[in-house]
$ cat run.txt   # compact mmCIF, C-alpha atoms and all ligand atoms
# COMPACT_ATOMS: atom_id res chain seq x y z
CA MET P 825 243.70 125.10 120.80
CA VAL P 826 247.23 123.81 120.96
CA ASN P 827 249.81 126.18 119.47
CA ASP P 828 252.06 124.71 116.84
CA CYS P 829 255.12 126.92 116.88
CA THR P 830 256.63 125.21 113.87
CA ILE P 831 254.16 126.86 111.50
CA SER P 832 255.04 130.37 110.47
CA THR P 833 251.47 131.54 109.99
CA LEU P 834 249.54 132.95 112.91
CA LYS P 835 246.34 131.34 111.66
CA GLY P 836 244.79 129.03 114.23
CA ARG P 837 247.04 130.19 117.07
CA ASP P 838 245.83 131.38 120.47
CA PHE P 839 246.74 134.76 121.99
CA LEU P 840 247.23 134.04 125.69
CA THR P 841 250.43 135.93 126.56
CA ILE P 842 252.87 138.19 124.73
CA ALA P 843 255.69 135.81 125.63
CA GLU P 844 254.47 133.07 123.30
CA PHE P 845 255.16 135.15 120.18
CA THR P 846 258.44 135.76 118.42
CA THR P 847 259.66 139.32 117.90
CA GLU P 848 258.83 138.94 114.23
CA GLU P 849 255.29 137.81 114.99
CA ILE P 850 254.72 140.79 117.29
CA HIS P 851 255.88 143.10 114.53
CA THR P 852 253.52 141.31 112.14
CA PHE P 853 250.59 142.10 114.46
CA LEU P 854 251.77 145.71 114.74
CA GLN P 855 252.13 146.13 110.98
CA GLN P 856 248.70 144.63 110.33
CA ALA P 857 247.23 146.98 112.93
CA LEU P 858 248.87 149.99 111.26
CA ASP P 859 247.64 148.86 107.83
CA MET P 860 244.06 148.38 109.00
CA LYS P 861 244.13 151.66 110.91
CA GLN P 862 245.00 153.42 107.65
CA LEU P 863 242.23 151.63 105.78
CA GLN P 864 239.72 152.57 108.45
CA LYS P 865 240.83 156.22 108.48
CA LYS P 866 240.41 156.32 104.69
CA ASN P 867 236.99 154.66 104.93
CA ILE P 868 238.18 151.70 102.85
CA SER P 869 236.34 148.56 103.88
CA HIS P 870 238.42 145.54 104.90
CA PRO P 871 236.05 142.61 105.50
CA TYR P 872 238.73 139.98 106.18
CA LEU P 873 236.43 138.12 108.61
CA LYS P 874 233.18 138.21 106.63
CA GLY P 875 230.72 135.70 108.03
CA LYS P 876 232.89 134.86 111.07
CA THR P 877 231.77 135.10 114.70
CA LEU P 878 233.67 135.86 117.88
CA ALA P 879 232.28 134.78 121.26
CA MET P 880 233.32 137.14 124.07
CA ILE P 881 233.07 135.78 127.62
CA PHE P 882 233.32 138.37 130.39
CA GLU P 883 233.70 137.43 134.05
CA LYS P 884 234.89 140.97 134.89
CA SER P 885 233.74 144.45 133.80
CA SER P 886 235.01 146.10 130.64
CA THR P 887 234.49 149.17 128.50
CA ARG P 888 237.45 149.28 126.11
CA THR P 889 238.04 145.57 125.56
CA ARG P 890 234.39 144.77 125.01
CA VAL P 891 233.62 147.68 122.68
CA SER P 892 236.84 147.51 120.67
CA PHE P 893 236.56 143.76 120.01
CA GLU P 894 232.89 144.09 119.12
CA ALA P 895 233.33 147.16 116.90
CA GLY P 896 236.48 145.64 115.40
CA MET P 897 234.73 142.41 114.49
CA TYR P 898 231.94 144.43 112.86
CA GLN P 899 234.48 146.46 110.85
CA LEU P 900 236.06 143.20 109.68
CA GLY P 901 232.72 142.00 108.34
CA GLY P 902 231.96 139.57 111.15
CA SER P 903 229.95 139.66 114.32
CA ALA P 904 230.63 139.35 118.04
CA LEU P 905 228.56 137.83 120.84
CA PHE P 906 228.80 139.38 124.31
CA LEU P 907 228.47 136.59 126.88
CA SER P 908 228.40 137.72 130.49
CA SER P 909 229.31 134.88 132.84
CA ARG P 910 226.22 135.85 134.83
CA ASP P 911 224.04 134.79 131.89
CA ILE P 912 225.80 131.72 130.50
CA GLN P 913 226.14 128.31 132.13
CA ILE P 914 229.82 128.88 133.11
CA GLY P 915 228.41 131.09 135.87
CA ARG P 916 226.43 128.09 137.16
CA GLY P 917 229.42 125.78 137.09
CA GLU P 918 229.44 124.22 133.62
CA PRO P 919 233.02 122.94 133.13
CA ILE P 920 235.39 125.00 130.98
CA PRO P 921 236.28 122.00 128.72
CA ASP P 922 232.60 121.49 127.85
CA THR P 923 232.09 125.20 127.21
CA ALA P 924 235.18 125.25 124.97
CA ARG P 925 234.00 122.28 122.91
CA VAL P 926 230.45 123.58 122.55
CA LEU P 927 231.43 127.13 121.57
CA SER P 928 233.92 125.72 119.03
CA ARG P 929 230.96 124.19 117.16
CA TYR P 930 229.32 127.63 116.76
CA VAL P 931 231.98 130.32 116.48
CA ASP P 932 235.36 131.02 114.84
CA GLY P 933 237.11 132.48 117.86
CA ILE P 934 236.67 132.98 121.61
CA MET P 935 237.81 135.97 123.66
CA ILE P 936 237.67 135.65 127.43
CA ARG P 937 238.24 138.02 130.37
CA THR P 938 238.50 136.17 133.65
CA PHE P 939 240.34 135.78 136.95
CA ALA P 940 242.80 132.84 137.03
CA HIS P 941 245.09 132.62 133.99
CA GLN P 942 244.80 128.81 134.16
CA LYS P 943 241.15 129.14 133.13
CA VAL P 944 242.14 130.74 129.81
CA GLU P 945 244.77 128.06 129.30
CA GLU P 946 242.19 125.35 129.94
CA LEU P 947 239.74 126.97 127.54
CA ALA P 948 242.44 127.13 124.89
CA ARG P 949 243.41 123.50 125.48
CA TYR P 950 239.89 122.26 124.75
CA ALA P 951 238.75 124.75 122.09
CA ASP P 952 239.18 123.98 118.39
CA VAL P 953 239.16 127.69 117.54
CA PRO P 954 241.62 130.43 118.55
CA VAL P 955 241.29 131.73 122.11
CA ILE P 956 242.23 135.33 122.97
CA ASN P 957 243.05 136.44 126.51
CA GLY P 958 241.10 139.64 127.16
CA LEU P 959 242.71 139.97 130.64
CA THR P 960 243.43 137.62 133.50
CA ASP P 961 244.73 138.35 136.99
CA THR P 962 248.30 137.94 135.69
CA HIS P 963 248.29 138.97 132.00
CA HIS P 964 246.78 141.63 129.74
CA PRO P 965 248.44 140.91 126.40
CA THR P 966 245.96 142.60 124.02
CA GLN P 967 246.42 145.85 125.96
CA VAL P 968 250.18 145.62 125.71
CA LEU P 969 250.05 145.08 121.95
CA ALA P 970 248.05 148.35 121.76
CA ASP P 971 250.62 150.01 124.05
CA LEU P 972 253.51 148.94 121.80
CA LEU P 973 251.59 150.24 118.78
CA THR P 974 251.05 153.59 120.50
CA VAL P 975 254.69 153.98 121.50
CA TYR P 976 255.82 152.96 118.00
CA GLU P 977 253.53 155.54 116.37
CA HIS P 978 254.74 158.35 118.61
CA LYS P 979 258.43 157.48 118.74
CA GLY P 980 258.96 155.74 115.38
CA THR P 981 260.74 152.84 117.09
CA LEU P 982 260.52 150.49 120.06
CA LYS P 983 264.00 149.02 120.18
CA GLY P 984 266.40 151.07 122.25
CA LEU P 985 263.74 153.04 124.14
CA LYS P 986 263.69 153.17 127.91
CA ALA P 987 260.32 152.53 129.57
CA CYS P 988 259.20 152.22 133.17
CA PHE P 989 256.12 150.90 134.91
CA ILE P 990 255.40 152.43 138.30
CA GLY P 991 252.81 150.61 140.38
CA ASP P 992 251.74 147.08 141.23
CA GLY P 993 254.53 144.90 139.84
CA TYR P 994 252.50 141.76 140.36
CA ASN P 995 249.55 142.83 138.24
CA ASN P 996 248.50 141.86 134.73
CA MET P 997 249.83 145.05 133.11
CA ALA P 998 253.26 144.85 134.73
CA HIS P 999 253.70 141.24 133.65
CA SER P 1000 252.59 141.74 130.06
CA LEU P 1001 254.65 144.92 129.76
CA LEU P 1002 257.75 143.05 130.96
CA GLU P 1003 257.11 140.38 128.33
CA GLY P 1004 256.32 142.93 125.61
CA ALA P 1005 259.35 145.11 126.25
CA ALA P 1006 261.69 142.12 126.34
CA ALA P 1007 260.29 140.86 123.04
CA VAL P 1008 260.82 144.13 121.15
CA GLY P 1009 264.13 145.19 122.71
CA MET P 1010 262.87 148.06 124.88
CA ASP P 1011 264.32 148.61 128.36
CA MET P 1012 261.71 148.18 131.10
CA THR P 1013 262.11 148.98 134.77
CA VAL P 1014 259.27 148.10 137.12
CA ALA P 1015 259.10 150.06 140.38
CA SER P 1016 256.83 148.78 143.15
CA PRO P 1017 256.61 148.88 146.94
CA GLU P 1018 257.81 145.90 148.94
CA GLY P 1019 255.41 142.99 148.66
CA TYR P 1020 254.26 143.95 145.15
CA GLU P 1021 257.19 142.59 143.12
CA PRO P 1022 256.55 140.88 139.74
CA ASP P 1023 256.04 137.12 139.55
CA LYS P 1024 259.54 135.61 139.76
CA THR P 1025 259.12 133.23 136.81
CA ILE P 1026 257.67 135.87 134.48
CA PHE P 1027 260.36 138.37 135.50
CA ALA P 1028 263.22 135.89 135.03
CA ALA P 1029 261.95 134.84 131.59
CA ALA P 1030 261.58 138.48 130.52
CA LYS P 1031 265.07 139.31 131.78
CA GLU P 1032 266.53 136.43 129.81
CA ARG P 1033 264.66 137.35 126.65
CA GLY P 1034 265.60 140.99 127.13
CA ALA P 1035 269.29 140.04 127.27
CA GLU P 1036 268.89 138.17 123.97
CA ASN P 1037 267.29 141.29 122.46
CA SER P 1038 269.90 143.69 123.89
CA CYS P 1039 267.62 145.41 126.36
CA LYS P 1040 267.57 145.67 130.12
CA ILE P 1041 264.69 144.32 132.18
CA SER P 1042 264.98 145.42 135.80
CA PHE P 1043 263.15 145.96 139.07
CA THR P 1044 263.54 148.58 141.79
CA HIS P 1045 261.70 149.76 144.88
CA SER P 1046 262.50 153.36 143.88
CA PRO P 1047 260.05 155.10 141.50
CA GLN P 1048 262.63 157.87 141.02
CA GLN P 1049 265.24 155.41 139.81
CA ALA P 1050 262.74 153.88 137.37
CA ALA P 1051 261.59 157.23 135.97
CA GLN P 1052 265.11 158.62 135.46
CA ASP P 1053 265.65 159.38 131.72
CA ALA P 1054 262.60 157.34 130.70
CA ASP P 1055 261.12 157.73 127.22
CA VAL P 1056 257.89 156.11 128.34
CA VAL P 1057 256.26 156.27 131.80
CA ILE P 1058 253.44 153.83 132.47
CA THR P 1059 251.20 153.21 135.45
CA ASP P 1060 247.99 151.34 136.30
CA VAL P 1061 245.51 151.19 139.15
CA TRP P 1062 246.82 150.15 142.56
CA ALA P 1063 243.91 147.77 143.18
CA SER P 1064 242.93 145.70 140.16
CA MET P 1065 239.56 144.08 139.52
CA GLY P 1066 239.02 141.44 142.18
CA GLU P 1067 241.23 143.29 144.71
CA GLU P 1068 238.62 145.85 145.80
CA ALA P 1069 238.70 144.62 149.40
CA GLU P 1070 242.41 145.59 149.62
CA LYS P 1071 241.87 149.10 148.32
CA GLU P 1072 242.50 150.95 151.61
CA LYS P 1073 245.59 148.89 152.41
CA ARG P 1074 246.95 149.47 148.93
CA LEU P 1075 246.35 153.24 149.09
CA HIS P 1076 248.63 153.17 152.11
CA ASP P 1077 251.20 150.74 150.66
CA PHE P 1078 251.57 152.66 147.39
CA ASN P 1079 252.14 156.01 149.09
CA GLY P 1080 255.00 157.67 147.17
CA PHE P 1081 254.36 155.76 143.94
CA GLN P 1082 252.05 158.29 142.28
CA VAL P 1083 253.11 159.44 138.82
CA ASN P 1084 253.02 163.20 139.33
CA GLU P 1085 254.93 166.27 138.17
CA ASP P 1086 257.83 165.69 140.59
CA LEU P 1087 258.37 162.17 139.31
CA ALA P 1088 257.79 163.00 135.64
CA ARG P 1089 260.42 165.73 135.83
CA LEU P 1090 263.03 162.95 136.02
CA ALA P 1091 261.93 161.46 132.68
CA LYS P 1092 263.17 162.70 129.29
CA ASN P 1093 261.74 166.03 128.09
CA ASP P 1094 259.70 164.30 125.39
CA TYR P 1095 258.49 161.35 127.48
CA LEU P 1096 255.14 159.66 126.78
CA PHE P 1097 252.67 158.82 129.52
CA LEU P 1098 250.57 155.67 129.14
CA HIS P 1099 247.79 154.18 131.27
CA CYS P 1100 245.54 151.34 130.13
CA LEU P 1101 242.52 152.99 131.82
CA PRO P 1102 240.31 153.17 133.78
CA ALA P 1103 242.43 155.59 135.86
CA HIS P 1104 242.06 157.07 139.32
CA ARG P 1105 243.24 160.67 139.21
CA GLY P 1106 244.84 161.62 142.51
CA GLU P 1107 245.83 158.01 143.28
CA GLU P 1108 248.26 156.32 140.87
CA VAL P 1109 248.43 159.40 138.62
CA ALA P 1110 248.06 163.15 139.09
CA ALA P 1111 245.42 164.81 136.90
CA GLY P 1112 248.08 167.14 135.51
CA ILE P 1113 249.97 164.18 134.08
CA ILE P 1114 247.15 162.08 132.62
CA ASP P 1115 245.45 165.19 131.22
CA GLY P 1116 248.74 166.88 130.33
CA PRO P 1117 250.73 167.26 127.10
CA HIS P 1118 252.78 164.06 127.44
CA SER P 1119 249.75 161.81 127.89
CA VAL P 1120 248.76 159.56 124.97
CA VAL P 1121 246.15 157.56 126.88
CA PHE P 1122 243.35 158.17 124.39
CA ASP P 1123 245.53 157.22 121.41
CA GLU P 1124 246.38 154.13 123.45
CA ALA P 1125 242.67 153.40 124.04
CA GLU P 1126 241.92 153.89 120.33
CA ASN P 1127 244.74 151.53 119.42
CA ARG P 1128 242.98 148.71 121.27
CA LEU P 1129 240.62 148.68 118.28
CA HIS P 1130 243.38 148.45 115.68
CA ALA P 1131 245.47 145.97 117.66
CA HIS P 1132 242.48 143.72 118.28
CA LYS P 1133 241.54 143.75 114.61
CA ALA P 1134 245.08 142.67 113.77
CA ILE P 1135 244.94 139.86 116.34
CA MET P 1136 241.58 138.59 115.10
CA LYS P 1137 242.55 138.81 111.45
CA CYS P 1138 245.86 137.00 111.94
CA LEU P 1139 244.42 134.26 114.15
CA MET P 1140 241.19 133.64 112.26
CA GLU P 1141 242.16 134.38 108.67
CA GLY P 1142 245.95 134.42 108.53
CA ASN P 1143 248.72 136.99 108.21
N1 LIG R 1201 242.17 148.80 129.53
C1 LIG R 1201 241.12 147.95 129.57
O1 LIG R 1201 241.26 146.73 129.43
O2 LIG R 1201 239.92 148.57 129.72
P1 LIG R 1201 238.54 147.85 130.02
O3 LIG R 1201 238.63 147.22 131.38
O4 LIG R 1201 237.51 148.95 129.96
O5 LIG R 1201 238.29 146.80 128.98
N1 LIG R 1202 245.15 146.02 136.30
C1 LIG R 1202 243.82 146.43 135.93
C2 LIG R 1202 243.72 146.60 134.45
C3 LIG R 1202 242.36 147.04 133.98
C4 LIG R 1202 242.25 147.13 132.50
C5 LIG R 1202 242.83 145.41 136.43
O1 LIG R 1202 243.07 144.22 136.29
O2 LIG R 1202 241.79 145.83 136.96

$ encode --input "run.txt" --output "structure tokens" --more "lines below"
Ligand code: CP
Ligand code: NVA
Amino acid sequence: MVNDCTISTLKGRDFLTIAEFTTEEIHTFLQQALDMKQLQKKNISHPYLKGKTLAMIFEKSSTRTRVSFEAGMYQLGGSALFLSSRDIQIGRGEPIPDTARVLSRYVDGIMIRTFAHQKVEELARYADVPVINGLTDTHHPTQVLADLLTVYEHKGTLKGLKACFIGDGYNNMAHSLLEGAAAVGMDMTVASPEGYEPDKTIFAAAKERGAENSCKISFTHSPQQAAQDADVVITDVWASMGEEAEKEKRLHDFNGFQVNEDLARLAKNDYLFLHCLPAHRGEEVAAGIIDGPHSVVFDEAENRLHAHKAIMKCLMEGN
């Protein structure tokens, strides 16, 4: 569906990247997530999407995204359909525009996890219902909304904090974190080995937006420089889904980029550690860090549920 940025409501919009939302809109999602989290904790029902259906297309594996969208839709009074690309006609070559137009006749929203970001854009262009990006090779916006929620809950603010991402600067998490930090006024330094720098266009746009929001968006090849005085330390796998064949090469290339006790010592005393999961202990993160006192990875995983409910409610029912 085509986004109309002139309307102030989020109803009917797509959720393809963090960058397409204003700071105010991101805070609206976060507030709605906090509100619904409270309702759920108090066992107060909140069936904002009664009778609505979400189609969920998966071309890659998922635990958190699949279960949190499905459980979230159920908690909102609606239902979700899990559609593996192996089982639907997309897997046999049915064009995306046809799939978008057909699904729009049955359901109220479509969530898709796929490879090329252009595929999600094409789906959104032809669908008459909101399309949500559940991860592409270059963006993971629903995860980053949950990350912002987690940092906000633990720190009481986002603006003015100093965060770093240590790992593959060209992956979906790095890109969406750059966009998310820039939107909310949080410093973000990405540290990656040579050859794994963020996409130039995404980085430049985030830097520009960061400057407007009084925060610093930067890149370095030094993990130590990135971690220095950080409030939030984030990492992700070195080989993302679809990059399995490069695993050995990447293990070699990312040598020295593990988030471990030596690196974490440079961060602030009360730093938070985030990882979208699944994690590989002993590779991108030491077990003592992900299982240690600064880690909030399971709060972060839980917050996928609350963030996704906020996204679905705002897009399908209104804010
Ligand atoms: N973090 C995340 O997206 O997890 P899944 O791949 O399990 O959905
Ligand atoms: N960068 C990872 C994130 C997994 C949730 C991947 O794409 O595999």

$ residues_near_ligand --input "run.txt" --ligand "ligand LIG 1202 (chain R)" --cutoff "9 Å" --atoms "all atoms listed in the file" --output "number ranges by chain"
P: 884-889, 939, 959-964, 967, 992, 995-998, 1060-1067, 1100-1103

$ atom_distance --input "run.txt" --atom1 "atom CA of Cys988 of chain P" --atom2 "atom CA of Thr1013 of chain P"
4.6 Å

$ residues_near_point --input "run.txt" --point "(253.4, 158.4, 145.1)" --cutoff "10 Å" --atoms "only C-alpha atoms" --output "list in words"
Ile990, Gly991, Pro1047, Leu1075, His1076, Asp1077, Phe1078, Asn1079, Gly1080, Phe1081, Gln1082, Val1083, Asn1084, Asp1086, Leu1087, Gly1106, Glu1107, Glu1108, Val1109 and Ala1110 of chain P

$ write_last_selection --input "run.txt" --atoms "C-alpha atoms" --output "CSV table (one decimal), in the frame of the given file"
chain,number,residue,atom,x,y,z
P,990,ILE,CA,255.4,152.4,138.3
P,991,GLY,CA,252.8,150.6,140.4
P,1047,PRO,CA,260.0,155.1,141.5
P,1075,LEU,CA,246.4,153.2,149.1
P,1076,HIS,CA,248.6,153.2,152.1
P,1077,ASP,CA,251.2,150.7,150.7
P,1078,PHE,CA,251.6,152.7,147.4
P,1079,ASN,CA,252.1,156.0,149.1
P,1080,GLY,CA,255.0,157.7,147.2
P,1081,PHE,CA,254.4,155.8,143.9
P,1082,GLN,CA,252.0,158.3,142.3
P,1083,VAL,CA,253.1,159.4,138.8
P,1084,ASN,CA,253.0,163.2,139.3
P,1086,ASP,CA,257.8,165.7,140.6
P,1087,LEU,CA,258.4,162.2,139.3
P,1106,GLY,CA,244.8,161.6,142.5
P,1107,GLU,CA,245.8,158.0,143.3
P,1108,GLU,CA,248.3,156.3,140.9
P,1109,VAL,CA,248.4,159.4,138.6
P,1110,ALA,CA,248.1,163.2,139.1

$ axis_aligned_box --input "run.txt" --around "segment 1123-1138 of chain P" --padding-each-side "5 Å" --output "JSON"
{"center_x": 243.5, "center_y": 147.1, "center_z": 117.7, "size_x": 15.8, "size_y": 30.2, "size_z": 22.6}

$ closest_residue --input "run.txt" --among "P:Leu840, P:Met897, P:Leu982, P:Val1121" --to "Arg937 of chain P" --atoms "only C-alpha atoms"
P:Leu840

$ residues_around --input "run.txt" --residues "Gly1142 of chain P" --least-positions-apart "3" --cutoff "9 Å" --atoms "only C-alpha atoms" --output "ChimeraX atom specification"
/P:833-836,1136-1139

$ residues_near_point --input "run.txt" --point "(255.9, 152.5, 121.2)" --cutoff "12 Å" --atoms "all atoms listed in the file" --output "MDAnalysis selection string"
chainID P and resid 851 854 968:987 1001 1004:1005 1008:1011 1055:1058 1095:1098 1120 1123:1124 1127

$ atom_distance --input "run.txt" --atom1 "atom CA of Lys874 of chain P" --atom2 "atom CA of Gly901 of chain P"
4.2 Å

$ closest_residue --input "run.txt" --among "P:Ile912, P:Met880, P:Leu905, P:Ala1030" --to "ligand LIG 1201 (chain R)" --atoms "all atoms listed in the file"
P:Met880

$ atom_distance --input "run.txt" --atom1 "atom CA of Ser903 of chain P" --atom2 "atom CA of Ala879 of chain P"
8.8 Å
